[in-house]
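> Below is a structure I'd like to ask you about.
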Amino acid sequence: MALKVLSALDAAKIQLYHFKAIIVAGMGLFTDAYDLFCIPPIIKLIGRIYYDQTSGVRSEGIQDKNKTTPTVVVSALVAIALLGTVIGQLVFGRLGDRIGRRRMYGLSLTIMVLSSIACGFSICRTRNCVLVSLGFFRFLLGVGIGGDYPLSATIMSEFANKKTRGAFIAAVFSMQGFGILASSIVTIVVCKIFEAASDVSHGHTPEEADIAWRLILMVGAIPAAMTYYWRMMMPETARYTALVEQNVLQAAIDMKKVLDVPMSQIAEDSPLPSNPPSYPLLSKRFFRRHGRDLFSCAASWFLVDVVFYSSNLFQSQIYHRFVKDGNGLNGYELAFKVARFQAILAICSTIPGYWVTVNFIDRIGRVKIQMIGFFFMAMVYFAIGIPYKYYWSENIGVGFMALYALSFFFSNFGPNTTTFIVPAELFPAGFRSTCHGISGAVGKVGAIIGTVGFLWASQNQNSDGKPSPLRMTVALVFLGAVCLVGLAVTYFFTRETMGRSLEDNENEDESSGEQYILGGLTGTASLRRHSSFSSLNNETTVA
């Protein structure tokens, strides 16, 4: 029999606290996206500052004739932050289950805020020193961001009711879209202010630009810092308190603080806590009960991040066509054009993809949305990759832009969002944060592979600076194939969690999991009922 406090959580009406939790939990994802998408315009500024002989800032060694940051440096800056994210997801995910979600939540935010500020204060002003220190602080920033992933998803899933849980978690993740837009707006404003106040004649990038990119990075810490107080005021989730700490009375008291529910409805007559799992993490019994779920979550996240972070393959071509990187433009103008392009893309494609998912996630389910996303992403990559050598390499225009935008739309109305949601719903309370962290860490390993793929495809450039058409064709077709593998993994291994209590997922017996192989294909209520009935029978037999 379910505890009253947990049943009340599942049945709770949508209240103001739910929306407050979305904002507070979403600021970590906001900072993640802000940091990732402010790098392309900042790289343009760094190229003009540290790879230009005419710049007033010291730039040791041989200068780049194109005044651009080398691809290997760009990839390294992205990969080092992703490596930090991997570590953060594993460490904070585990600590979230061992120590508590709330206790670790403030620490991850503190690391994010301080590291964002430190990135702006990257030590000294010589090229090698700046890039090394920037990479170090981006690594620490990645640790904080990585820690926020499992904690935000788990906290939101445990506060939400079962009817709208998917929409709430998706709304938290959708804050990434606003982070992308905010990074573009801040970059545009800062560049225009500095350009108006500086001597930028004849394409010269003044020494003051070394302050501009630092300021852009530091501004990203402000929204996250503003939510610190509310994170500290959040109580521990009732599910963690009742099921992991085994304190049902305290869980009821905490829930009463945040949700408008009478104490009489959530207090137990005889507060006997449920027994937590008796098996340890990553044991044989754990893998029998949850191994397939962990595989499906980690594999799906890995595959989508390989593709998502390889979108730099597109960007290099888009920027070459729509953002002319000529010597007649100063660094401010280049950064402005890149940021403007990213803002347009966010408004027209990225943000709509997130919010279409919010609208439909609890109507058609996680599995179907993930399959739809993988399928159409594959079609987009094949549509670009197969004719790339013979058509797109010389005809990058509106058609290419439309396909590029669709790849982002179906990534967000698809696996980029659902891979964040499902791990927060499939595992017991005592393993939920850890398993989300493991899934996300495997995903970010895929992201690192994606950045390396971008580096490989960008080698052997032609005389006009374009990557080799043959390499681009191979890379893009390969990414399409990766999406089809993701579709297969989703079809055969991912279980549907729409409309089910977290406790239903938690109490699933290993033998009943076999009934769910078809659950993701049909999504019918009858299969879900059959699975729950099978689980109940199995547990009764064991007892």
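In the structure tokens, each chain is lettered A, B, ... as it comes, each chain's residues begin at 1, and ligands are numbered from 1 in order of appearance.
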Tell me which protein, DNA and RNA residues are within 10 Å of range 111-116 of chain A, counting only C-alpha atoms, leaving out same-chain ones fewer than 4 positions away, and put them as a PyMOL selection string.

chain A and resi 28+31-32+35+106-107+120-121+134+136-148+214+216-226+228

> I'd like the contact shell of range 4-10 of chain A - 8 Å cut-off, only C-alpha atoms, skipping same-chain residues fewer than 3 positions apart - returned as a PyMOL selection string.

chain A and resi 159-163+238-239+248+251-252+255+261+265-268+501

> Which residues, written as a list in words, have at least one atom at most 9 Å from Val72 in chain A, with only C-alpha atoms counted and residues fewer than 3 positions away on the same chain left out?

Thr69, Ser75, Ala76, Leu77, Val452 and Leu455 of chain A

> Selected residues, N, CA and C atoms, written as an mmCIF file, in the first residue's frame, please.


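Contents of again.cif, freshly written:
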data_model
loop_
_atom_site.group_PDB
_atom_site.id
_atom_site.type_symbol
_atom_site.label_atom_id
_atom_site.label_comp_id
_atom_site.auth_asym_id
_atom_site.auth_seq_id
_atom_site.Cartn_x
_atom_site.Cartn_y
_atom_site.Cartn_z
ATOM 1 N N THR A 69 40.679 31.485 -34.418
ATOM 2 C CA THR A 69 41.136 30.496 -33.460
ATOM 3 C C THR A 69 41.174 29.129 -34.120
ATOM 4 N N SER A 75 37.807 22.928 -30.258
ATOM 5 C CA SER A 75 37.364 21.604 -29.817
ATOM 6 C C SER A 75 37.846 21.306 -28.409
ATOM 7 N N ALA A 76 39.065 21.717 -28.097
ATOM 8 C CA ALA A 76 39.611 21.463 -26.767
ATOM 9 C C ALA A 76 38.826 22.218 -25.698
ATOM 10 N N LEU A 77 38.449 23.466 -25.974
ATOM 11 C CA LEU A 77 37.691 24.251 -25.005
ATOM 12 C C LEU A 77 36.315 23.646 -24.741
ATOM 13 N N VAL A 452 35.336 15.574 -31.280
ATOM 14 C CA VAL A 452 36.487 15.007 -31.982
ATOM 15 C C VAL A 452 36.131 14.753 -33.444
ATOM 16 N N LEU A 455 36.417 17.868 -35.292
ATOM 17 C CA LEU A 455 37.824 18.164 -35.576
ATOM 18 C C LEU A 455 38.313 17.360 -36.775
#

> Leaving out range 175-185 of chain A and any residue of its chain fewer than 5 positions from it, which residues lie within 6 Å of it when counting only C-alpha atoms, given as a PyMOL selection string?

chain A and resi 26+29-30+33-34+37-38+339+343+351

> Within range 208-382 of chain A, find each residue whose DSSP state, derived from the backbone, is alpha helix (DSSP H), and express the selection as a VMD selection string.

chain A and resid 209 to 219 221 to 226 228 to 233 238 to 239 248 to 258 263 to 266 284 to 309 312 to 322 331 to 345 351 to 364 366 to 382

> Identify, on the basis of only C-alpha atoms, every residue whose closest approach to Val304 in chain A does not exceed 9 Å; exclude the query and any residue fewer than 4 positions from it along the same chain; express the result as a list in words.

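Once the adjacent positions are removed, what remains is Ala299, Ser300, Phe308, Tyr309, Phe374, Ser411, Pro415, Asn416, Thr419, Gly443, Gly446, Ala447, Val482, Cys483 and Gly486 of chain A.
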
> Only N, CA and C atoms, please: the residues just picked out, written as a PDB file, in the first residue's frame.


ATOM      1  N   ALA A 299      22.464   4.546 -23.428  1.00  0.00           N
ATOM      2  CA  ALA A 299      22.743   4.407 -24.859  1.00  0.00           C
ATOM      3  C   ALA A 299      22.038   5.490 -25.664  1.00  0.00           C
ATOM      4  N   SER A 300      20.789   5.773 -25.343  1.00  0.00           N
ATOM      5  CA  SER A 300      20.050   6.813 -26.066  1.00  0.00           C
ATOM      6  C   SER A 300      20.711   8.165 -25.882  1.00  0.00           C
ATOM      7  N   PHE A 308      24.191  15.618 -31.536  1.00  0.00           N
ATOM      8  CA  PHE A 308      23.902  17.005 -31.162  1.00  0.00           C
ATOM      9  C   PHE A 308      25.166  17.861 -31.135  1.00  0.00           C
ATOM     10  N   TYR A 309      26.225  17.337 -30.559  1.00  0.00           N
ATOM     11  CA  TYR A 309      27.453  18.127 -30.450  1.00  0.00           C
ATOM     12  C   TYR A 309      28.257  18.130 -31.743  1.00  0.00           C
ATOM     13  N   PHE A 374      14.458  10.933 -33.314  1.00  0.00           N
ATOM     14  CA  PHE A 374      15.564  10.201 -33.941  1.00  0.00           C
ATOM     15  C   PHE A 374      15.304   9.979 -35.433  1.00  0.00           C
ATOM     16  N   SER A 411      15.669  17.494 -32.581  1.00  0.00           N
ATOM     17  CA  SER A 411      16.512  17.081 -31.467  1.00  0.00           C
ATOM     18  C   SER A 411      15.829  17.428 -30.145  1.00  0.00           C
ATOM     19  N   PRO A 415      14.906  13.265 -28.742  1.00  0.00           N
ATOM     20  CA  PRO A 415      15.774  12.627 -27.746  1.00  0.00           C
ATOM     21  C   PRO A 415      16.579  13.570 -26.875  1.00  0.00           C
ATOM     22  N   ASN A 416      16.877  14.773 -27.327  1.00  0.00           N
ATOM     23  CA  ASN A 416      17.642  15.680 -26.478  1.00  0.00           C
ATOM     24  C   ASN A 416      16.884  16.002 -25.201  1.00  0.00           C
ATOM     25  N   THR A 419      15.732  12.136 -23.215  1.00  0.00           N
ATOM     26  CA  THR A 419      16.818  11.443 -22.506  1.00  0.00           C
ATOM     27  C   THR A 419      17.103  12.099 -21.157  1.00  0.00           C
ATOM     28  N   GLY A 443      26.278   9.966 -21.876  1.00  0.00           N
ATOM     29  CA  GLY A 443      25.896  10.871 -22.954  1.00  0.00           C
ATOM     30  C   GLY A 443      26.971  11.894 -23.260  1.00  0.00           C
ATOM     31  N   GLY A 446      29.677  10.699 -25.335  1.00  0.00           N
ATOM     32  CA  GLY A 446      29.271  10.814 -26.737  1.00  0.00           C
ATOM     33  C   GLY A 446      29.471  12.218 -27.270  1.00  0.00           C
ATOM     34  N   ALA A 447      29.219  13.222 -26.410  1.00  0.00           N
ATOM     35  CA  ALA A 447      29.430  14.608 -26.823  1.00  0.00           C
ATOM     36  C   ALA A 447      30.902  14.882 -27.114  1.00  0.00           C
ATOM     37  N   VAL A 482      23.750   6.933 -36.954  1.00  0.00           N
ATOM     38  CA  VAL A 482      23.708   6.953 -35.493  1.00  0.00           C
ATOM     39  C   VAL A 482      22.281   7.211 -35.007  1.00  0.00           C
ATOM     40  N   CYS A 483      21.577   8.100 -35.680  1.00  0.00           N
ATOM     41  CA  CYS A 483      20.182   8.383 -35.310  1.00  0.00           C
ATOM     42  C   CYS A 483      19.300   7.148 -35.488  1.00  0.00           C
ATOM     43  N   GLY A 486      19.813   4.953 -32.627  1.00  0.00           N
ATOM     44  CA  GLY A 486      19.060   5.486 -31.497  1.00  0.00           C
ATOM     45  C   GLY A 486      17.586   5.136 -31.578  1.00  0.00           C
TER      46      GLY A 486
END

> Near Ile193 in chain A, within 12 Å and counting only C-alpha atoms, which residues show up once chain neighbours fewer than 4 positions away are dropped, as a PDB file with N, CA, C and O atoms, in the first residue's frame?


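Ended up saving to part35.pdb:
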ATOM      1  N   VAL A 186      23.093  38.957 -24.801  1.00  0.00           N
ATOM      2  CA  VAL A 186      24.184  39.581 -24.045  1.00  0.00           C
ATOM      3  C   VAL A 186      25.373  39.860 -24.954  1.00  0.00           C
ATOM      4  O   VAL A 186      25.980  40.942 -24.890  1.00  0.00           O
ATOM      5  N   THR A 187      25.713  38.901 -25.817  1.00  0.00           N
ATOM      6  CA  THR A 187      26.835  39.103 -26.739  1.00  0.00           C
ATOM      7  C   THR A 187      26.571  40.273 -27.678  1.00  0.00           C
ATOM      8  O   THR A 187      27.462  41.111 -27.913  1.00  0.00           O
ATOM      9  N   ILE A 188      25.371  40.341 -28.223  1.00  0.00           N
ATOM     10  CA  ILE A 188      25.013  41.446 -29.134  1.00  0.00           C
ATOM     11  C   ILE A 188      25.125  42.788 -28.424  1.00  0.00           C
ATOM     12  O   ILE A 188      25.721  43.747 -28.955  1.00  0.00           O
ATOM     13  N   VAL A 189      24.573  42.891 -27.233  1.00  0.00           N
ATOM     14  CA  VAL A 189      24.577  44.160 -26.495  1.00  0.00           C
ATOM     15  C   VAL A 189      25.993  44.572 -26.119  1.00  0.00           C
ATOM     16  O   VAL A 189      26.406  45.722 -26.337  1.00  0.00           O
ATOM     17  N   ALA A 197      32.187  52.475 -28.438  1.00  0.00           N
ATOM     18  CA  ALA A 197      33.107  53.218 -27.581  1.00  0.00           C
ATOM     19  C   ALA A 197      34.568  53.038 -27.982  1.00  0.00           C
ATOM     20  O   ALA A 197      35.452  53.565 -27.307  1.00  0.00           O
ATOM     21  N   SER A 198      34.837  52.305 -29.074  1.00  0.00           N
ATOM     22  CA  SER A 198      36.222  51.984 -29.442  1.00  0.00           C
ATOM     23  C   SER A 198      36.533  52.441 -30.858  1.00  0.00           C
ATOM     24  O   SER A 198      35.639  52.734 -31.656  1.00  0.00           O
ATOM     25  N   GLU A 208      40.563  46.713 -26.057  1.00  0.00           N
ATOM     26  CA  GLU A 208      39.454  46.628 -25.108  1.00  0.00           C
ATOM     27  C   GLU A 208      38.570  45.399 -25.332  1.00  0.00           C
ATOM     28  O   GLU A 208      37.802  45.003 -24.449  1.00  0.00           O
ATOM     29  N   ALA A 209      38.692  44.784 -26.505  1.00  0.00           N
ATOM     30  CA  ALA A 209      37.892  43.585 -26.778  1.00  0.00           C
ATOM     31  C   ALA A 209      38.248  42.449 -25.831  1.00  0.00           C
ATOM     32  O   ALA A 209      37.447  41.526 -25.634  1.00  0.00           O
ATOM     33  N   ILE A 211      38.351  42.679 -22.778  1.00  0.00           N
ATOM     34  CA  ILE A 211      37.424  42.795 -21.642  1.00  0.00           C
ATOM     35  C   ILE A 211      36.034  42.314 -22.039  1.00  0.00           C
ATOM     36  O   ILE A 211      35.320  41.722 -21.232  1.00  0.00           O
ATOM     37  N   ALA A 212      35.658  42.532 -23.300  1.00  0.00           N
ATOM     38  CA  ALA A 212      34.304  42.226 -23.754  1.00  0.00           C
ATOM     39  C   ALA A 212      33.969  40.742 -23.602  1.00  0.00           C
ATOM     40  O   ALA A 212      32.926  40.380 -23.048  1.00  0.00           O
ATOM     41  N   LEU A 215      33.533  39.725 -20.002  1.00  0.00           N
ATOM     42  CA  LEU A 215      32.271  40.221 -19.443  1.00  0.00           C
ATOM     43  C   LEU A 215      31.106  39.330 -19.869  1.00  0.00           C
ATOM     44  O   LEU A 215      30.207  39.028 -19.066  1.00  0.00           O
ATOM     45  N   TYR A 332      34.281  42.594 -33.028  1.00  0.00           N
ATOM     46  CA  TYR A 332      32.927  42.870 -32.531  1.00  0.00           C
ATOM     47  C   TYR A 332      31.870  42.527 -33.576  1.00  0.00           C
ATOM     48  O   TYR A 332      30.818  41.951 -33.260  1.00  0.00           O
ATOM     49  N   GLU A 333      32.140  42.909 -34.828  1.00  0.00           N
ATOM     50  CA  GLU A 333      31.172  42.641 -35.899  1.00  0.00           C
ATOM     51  C   GLU A 333      31.011  41.145 -36.138  1.00  0.00           C
ATOM     52  O   GLU A 333      29.887  40.653 -36.348  1.00  0.00           O
ATOM     53  N   PHE A 336      29.070  39.690 -33.258  1.00  0.00           N
ATOM     54  CA  PHE A 336      27.675  40.139 -33.374  1.00  0.00           C
ATOM     55  C   PHE A 336      26.911  39.292 -34.386  1.00  0.00           C
ATOM     56  O   PHE A 336      25.779  38.860 -34.132  1.00  0.00           O
TER      57      PHE A 336
END

> Identify, on the basis of only C-alpha atoms, every residue whose closest approach to Phe382 in chain A does not exceed 10 Å; exclude the query and any residue fewer than 5 positions from it along the same chain; express the result as a list in words.

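Once the nearby chain positions are removed, what remains is Phe376, Met377, Pro387, Tyr388, Thr473, Leu476, Val477, Phe478, Leu479, Gly480 and Ala481 of chain A.
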
> Between A:Val172, A:Met234, A:Val380, A:Ile369, which has the minimum distance to Val258 in chain A (counting only C-alpha atoms)?

A:Met234

> Using only C-alpha atoms, find the one residue out of A:Met156, A:Ala441, A:Met233, A:Ile253 that sits nearest to Phe92 in chain A.

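Between A:Met156, A:Ala441, A:Met233, A:Ile253, the residue approaching Phe92 in chain A most closely is A:Ala441.
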
> Quick check, in Å to one decimal: how far apart do CA of Ser174 in chain A and CA of Ala346 in chain A lie?

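Atom-to-atom, CA of Ser174 in chain A to CA of Ala346 in chain A, that is 11.4 Å.
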
> Which one of A:Cys124, A:Leu406, A:Leu426, A:Ile155 sits closest to Pro352 in chain A if you count only C-alpha atoms?

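That would be A:Leu406, the residue with the smallest distance to Pro352 in chain A.
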